[in-house]
file upload.csv (CSV, C-alpha atoms)
chain,number,residue,atom,x,y,z
A,277,THR,CA,189.5,217.4,99.5
A,278,VAL,CA,185.8,217.9,99.4
A,279,SER,CA,183.9,215.8,96.9
A,280,CYS,CA,180.3,215.0,96.2
A,281,SER,CA,177.9,214.6,93.3
A,282,HIS,CA,174.5,216.0,92.4
A,283,ALA,CA,172.1,215.3,89.5
A,284,TYR,CA,170.2,218.3,88.2
A,285,THR,CA,166.6,217.9,87.1
A,286,ASP,CA,166.6,220.7,84.6
A,287,ASN,CA,169.1,222.4,82.3
A,288,GLY,CA,170.5,225.9,83.1
A,289,GLY,CA,173.3,227.7,84.8
A,290,TYR,CA,173.8,227.0,88.5
A,291,THR,CA,176.1,228.5,91.1
A,292,VAL,CA,177.6,225.9,93.5
A,293,THR,CA,179.0,227.2,96.7
A,294,VAL,CA,181.4,225.0,98.8
A,295,CYS,CA,182.1,226.1,102.4
A,296,VAL,CA,184.6,224.5,104.8
A,297,THR,CA,184.3,225.2,108.6
A,298,ASP,CA,187.0,224.2,111.1
A,299,ASP,CA,186.3,223.1,114.7
A,300,GLU,CA,187.0,226.7,115.9
A,301,GLY,CA,184.0,228.0,113.8
A,302,ALA,CA,186.1,229.7,111.1
A,303,SER,CA,184.9,229.1,107.6
A,304,SER,CA,185.8,229.9,104.1
A,305,CYS,CA,183.6,229.6,101.0
A,306,ASP,CA,184.2,229.5,97.2
A,307,ALA,CA,181.7,229.3,94.3
A,308,LEU,CA,181.8,227.8,90.9
A,309,GLN,CA,179.5,227.8,87.9
A,310,VAL,CA,177.9,224.7,86.5
A,311,ALA,CA,176.4,224.7,83.1
A,312,VAL,CA,173.8,221.9,82.7
A,313,HIS,CA,172.8,221.0,79.2
A,314,ASN,CA,169.5,219.6,78.1
A,315,VAL,CA,169.2,216.0,77.2
A,316,ALA,CA,166.5,215.0,74.6
A,317,PRO,CA,163.8,212.6,75.7
A,318,ALA,CA,164.0,208.9,74.7
A,319,VAL,CA,161.1,207.3,72.9
A,320,ASN,CA,160.1,203.7,72.3
A,321,ALA,CA,157.2,203.5,69.8
A,322,GLY,CA,156.6,199.8,70.6
A,323,PRO,CA,156.7,196.6,68.5
A,324,ASP,CA,155.6,196.3,64.9
A,325,SER,CA,152.0,195.1,64.6
A,326,THR,CA,149.5,193.7,62.1
A,327,ALA,CA,145.8,194.4,61.5
A,328,ALA,CA,143.1,194.0,58.9
A,329,GLU,CA,141.5,196.9,57.0
A,330,GLY,CA,138.9,198.6,59.2
A,331,GLN,CA,140.4,197.1,62.4
A,332,LEU,CA,141.3,199.4,65.3
A,333,VAL,CA,145.1,199.6,65.7
A,334,ASN,CA,146.1,200.7,69.2
A,335,LEU,CA,149.4,202.4,70.0
A,336,SER,CA,151.1,202.4,73.4
A,337,ALA,CA,154.5,204.1,73.2
A,338,ILE,CA,156.7,205.0,76.2
A,339,TYR,CA,159.2,207.8,76.8
A,340,SER,CA,161.7,208.9,79.4
A,341,ASP,CA,163.6,212.0,80.1
A,342,VAL,CA,166.5,212.4,82.6
A,343,GLY,CA,165.4,216.0,82.9
A,344,SER,CA,162.6,215.2,85.3
A,345,ALA,CA,161.6,218.9,85.5
A,346,ASP,CA,160.9,219.0,81.7
A,347,THR,CA,157.4,219.1,80.3
A,348,HIS,CA,156.6,217.3,77.1
A,349,ALA,CA,154.4,217.2,74.0
A,350,ALA,CA,153.9,214.3,71.6
A,351,THR,CA,152.8,213.7,68.1
A,352,VAL,CA,151.8,210.5,66.2
A,353,THR,CA,151.9,210.3,62.5
A,354,TRP,CA,150.1,207.2,61.3
A,355,GLY,CA,151.8,207.0,57.9
A,356,ASP,CA,148.7,206.9,55.7
A,357,GLY,CA,148.4,210.7,55.0
A,358,THR,CA,145.8,211.4,57.8
A,359,ALA,CA,146.3,214.3,60.1
A,360,VAL,CA,149.1,214.2,62.7
A,361,GLU,CA,147.6,213.6,66.2
A,362,THR,CA,148.8,215.6,69.2
A,363,ASN,CA,146.6,214.5,72.1
A,364,GLY,CA,147.9,211.1,73.3
A,365,LEU,CA,150.5,212.1,75.9
A,366,ASN,CA,150.1,211.0,79.5
A,367,ALA,CA,152.9,212.8,81.5
A,368,ALA,CA,152.3,210.9,84.7
A,369,ALA,CA,152.7,207.5,83.1
A,370,HIS,CA,155.3,208.6,80.5
A,371,THR,CA,153.2,207.1,77.7
A,372,VAL,CA,151.9,208.2,74.3
A,373,SER,CA,148.8,206.4,73.2
A,374,GLY,CA,146.4,206.5,70.3
A,375,SER,CA,144.3,204.4,68.0
A,376,HIS,CA,143.7,204.4,64.3
A,377,VAL,CA,141.8,202.6,61.6
A,378,TYR,CA,143.5,202.1,58.2
A,379,ALA,CA,141.2,202.3,55.1
A,380,ASP,CA,143.4,200.2,52.9
A,381,ASN,CA,145.8,197.3,53.1
A,382,GLY,CA,149.6,198.0,53.0
A,383,THR,CA,152.6,198.6,55.2
A,384,TYR,CA,152.6,201.8,57.1
A,385,THR,CA,155.3,203.5,59.2
A,386,VAL,CA,154.0,205.0,62.4
A,387,THR,CA,156.2,207.8,63.8
A,388,VAL,CA,155.9,208.8,67.5
A,389,CYS,CA,157.8,212.0,68.5
A,390,VAL,CA,158.2,213.5,72.0
A,391,LYS,CA,159.5,217.0,72.4
A,392,ASP,CA,160.6,218.6,75.7
A,393,ASP,CA,160.1,222.2,76.8
A,394,ASP,CA,163.6,223.0,75.4
A,395,ASN,CA,162.5,222.0,71.9
A,396,ASP,CA,164.7,218.9,71.8
A,397,GLN,CA,162.8,216.1,70.1
A,398,THR,CA,163.3,212.4,69.6
A,399,CYS,CA,161.2,210.1,67.4
A,400,ASP,CA,160.8,206.4,67.0
A,401,THR,CA,158.9,204.3,64.5
A,402,LEU,CA,157.1,201.0,64.1
A,403,LEU,CA,155.5,199.3,61.2
A,404,VAL,CA,151.9,198.3,60.9
A,405,THR,CA,151.1,195.7,58.2
A,406,VAL,CA,147.5,195.9,57.2
A,407,SER,CA,146.0,193.0,55.4
A,408,ASN,CA,143.1,193.2,53.0
A,409,ALA,CA,139.6,192.5,54.5
A,410,THR,CA,137.3,190.3,52.5
A,411,PRO,CA,134.0,192.0,51.6
A,412,THR,CA,131.0,190.5,53.3
A,413,ILE,CA,127.8,189.8,51.3
A,414,THR,CA,124.3,189.9,52.6
A,415,PRO,CA,122.2,187.9,50.1
A,416,SER,CA,118.8,189.0,49.1
A,417,SER,CA,115.7,186.8,49.3
A,418,GLY,CA,114.8,184.6,46.4
A,419,ALA,CA,112.9,185.8,43.3
A,420,GLU,CA,110.3,184.3,41.0
A,421,THR,CA,109.8,184.8,37.2
A,422,PHE,CA,108.5,183.0,34.2
A,423,GLU,CA,110.6,181.3,31.5
A,424,GLY,CA,111.8,183.9,28.9
A,425,THR,CA,111.0,186.8,31.2
A,426,PRO,CA,114.0,188.8,32.5
A,427,VAL,CA,114.5,188.8,36.2
A,428,GLY,CA,115.7,192.1,37.6
A,429,VAL,CA,116.4,191.8,41.2
A,430,GLN,CA,119.0,193.2,43.6
A,431,LEU,CA,120.9,190.0,44.2
A,432,ALA,CA,123.0,191.1,47.3
A,433,THR,CA,124.4,193.9,49.2
A,434,PHE,CA,128.0,194.0,50.4
A,435,HIS,CA,130.2,195.8,52.9
A,436,ASP,CA,134.0,196.1,52.9
A,437,GLN,CA,136.1,197.3,55.9
A,438,GLY,CA,138.6,198.5,53.3
A,439,THR,CA,136.9,201.8,52.6
A,440,ALA,CA,139.5,202.8,50.1
A,441,ASP,CA,139.0,199.6,48.1
A,442,THR,CA,137.2,199.6,44.7
A,443,HIS,CA,135.0,196.6,43.7
A,444,THR,CA,133.7,194.6,40.8
A,445,ALA,CA,130.9,192.0,40.9
A,446,THR,CA,130.3,188.9,38.9
A,447,ILE,CA,127.0,187.0,38.6
A,448,ASN,CA,126.6,183.3,37.8
A,449,TRP,CA,122.9,182.8,37.0
A,450,GLY,CA,123.2,179.1,37.7
A,451,ASP,CA,122.0,177.9,34.3
call {"tool": "encode", "arguments": {"input": "upload.csv", "output": "structure tokens"}}
result
Amino acid sequence: TVSCSHAYTDNGGYTVTVCVTDDEGASSCDALQVAVHNVAPAVNAGPDSTAAEGQLVNLSAIYSDVGSADTHAATVTWGDGTAVETNGLNAAAHTVSGSHVYADNGTYTVTVCVKDDDNDQTCDTLLVTVSNATPTITPSSGAETFEGTPVGVQLATFHDQGTADTHTATINWGD
């Protein structure tokens, strides 16, 4: 009995030839066909995370593929309706990375997909919970007026990291 094992690095059809030679130098060979099927890559999008509106969210996903001769492409969908990203794959490190800023609070499903050169694709997801960012106010300088005369001043400017937020203002004149 002749037995051995071999792991193929890519799918395809292969011819395996087995030869046996005796101590007199006589040999005989036989061949058999092996069909190797592709295995889709495995993806781990990473742990769920939290952020505030306007804060940079970083993604560091990993992938693996038993077909070590395969090439890969990746996509990241951030879950907020923005365009799908396709440029974060690092083949040498087997990682998919990216960063994103959410314009509004909410819970978003981030989807990371890796496709091999045989069009087999695997996806994984993580949740990003984005909290509301409190607007910041830059107060104006004081103003002067006389009794009974309206004062018309710009009281303050504000900024909100939640660029999708809408705002209302209230004024307490202190009297």
call {"tool": "atom_distance", "arguments": {"input": "upload.csv", "atom1": "atom CA of A:Asp306", "atom2": "atom CA of A:Val292"}}
result
8.4 Å
call {"tool": "closest_atom_pairs", "arguments": {"input": "upload.csv", "of": "stretch 379-435 of chain A", "to": "stretch 323-328 of chain A", "cutoff": "6 Å", "atoms": "all atoms listed in the file", "output": "tab-separated table"}}
result
residue	atom	partner	partner_atom	distance
A:Leu402	CA	A:Asp324	CA	5.0
A:Leu403	CA	A:Asp324	CA	4.8
A:Val404	CA	A:Ser325	CA	4.9
A:Thr405	CA	A:Thr326	CA	4.7
A:Val406	CA	A:Ala327	CA	4.9
A:Ser407	CA	A:Ala328	CA	4.7
A:Asn408	CA	A:Ala328	CA	6.0
A:Ala409	CA	A:Ala328	CA	5.8
call {"tool": "residues_around", "arguments": {"input": "upload.csv", "residues": "A:Ala337", "least_positions_apart": "3", "cutoff": "6 Å", "atoms": "all atoms listed in the file", "output": "list in words"}}
result
Asn320, Ala321, Gly322, Thr371 and Val372 of chain A
call {"tool": "closest_residue", "arguments": {"input": "upload.csv", "among": "A:Gly355, A:Asp396, A:Ser279, A:His348", "to": "A:His313", "atoms": "only C-alpha atoms"}}
result
A:Asp396
call {"tool": "residues_around", "arguments": {"input": "upload.csv", "residues": "A:Ser375", "least_positions_apart": "3", "cutoff": "8 Å", "atoms": "all atoms listed in the file", "output": "compact mmCIF listing (two decimals) with C-alpha atoms, keeping the file's coordinate frame"}}
result
# COMPACT_ATOMS: atom_id res chain seq x y z
CA LEU A 332 141.30 199.40 65.30
CA VAL A 333 145.10 199.60 65.70
CA ASN A 334 146.10 200.70 69.20
CA LEU A 335 149.40 202.40 70.00
call {"tool": "closest_residue", "arguments": {"input": "upload.csv", "among": "A:Ala349, A:Gly364, A:Gly357, A:Cys280", "to": "A:Thr385", "atoms": "only C-alpha atoms"}}
result
A:Gly357
call {"tool": "atom_distance", "arguments": {"input": "upload.csv", "atom1": "atom CA of A:His370", "atom2": "atom CA of A:Val386"}}
result
18.5 Å
call {"tool": "residues_around", "arguments": {"input": "upload.csv", "residues": "A:Gln397", "least_positions_apart": "6", "cutoff": "9 Å", "atoms": "all atoms listed in the file", "output": "count of residues only"}}
result
6
call {"tool": "atom_distance", "arguments": {"input": "upload.csv", "atom1": "atom CA of A:Asp286", "atom2": "atom CA of A:Gln309"}}
result
15.1 Å
call {"tool": "closest_residue", "arguments": {"input": "upload.csv", "among": "A:Val315, A:Val427, A:Ala432, A:Ile413", "to": "A:Asp392", "atoms": "all atoms listed in the file"}}
result
A:Val315
call {"tool": "closest_residue", "arguments": {"input": "upload.csv", "among": "A:Asp356, A:Cys399, A:Ala379, A:Ala307", "to": "A:Ile338", "atoms": "all atoms listed in the file"}}
result
A:Cys399
call {"tool": "closest_residue", "arguments": {"input": "upload.csv", "among": "A:Thr410, A:Gly424, A:Ala302, A:Thr398", "to": "A:His443", "atoms": "only C-alpha atoms"}}
result
A:Thr410
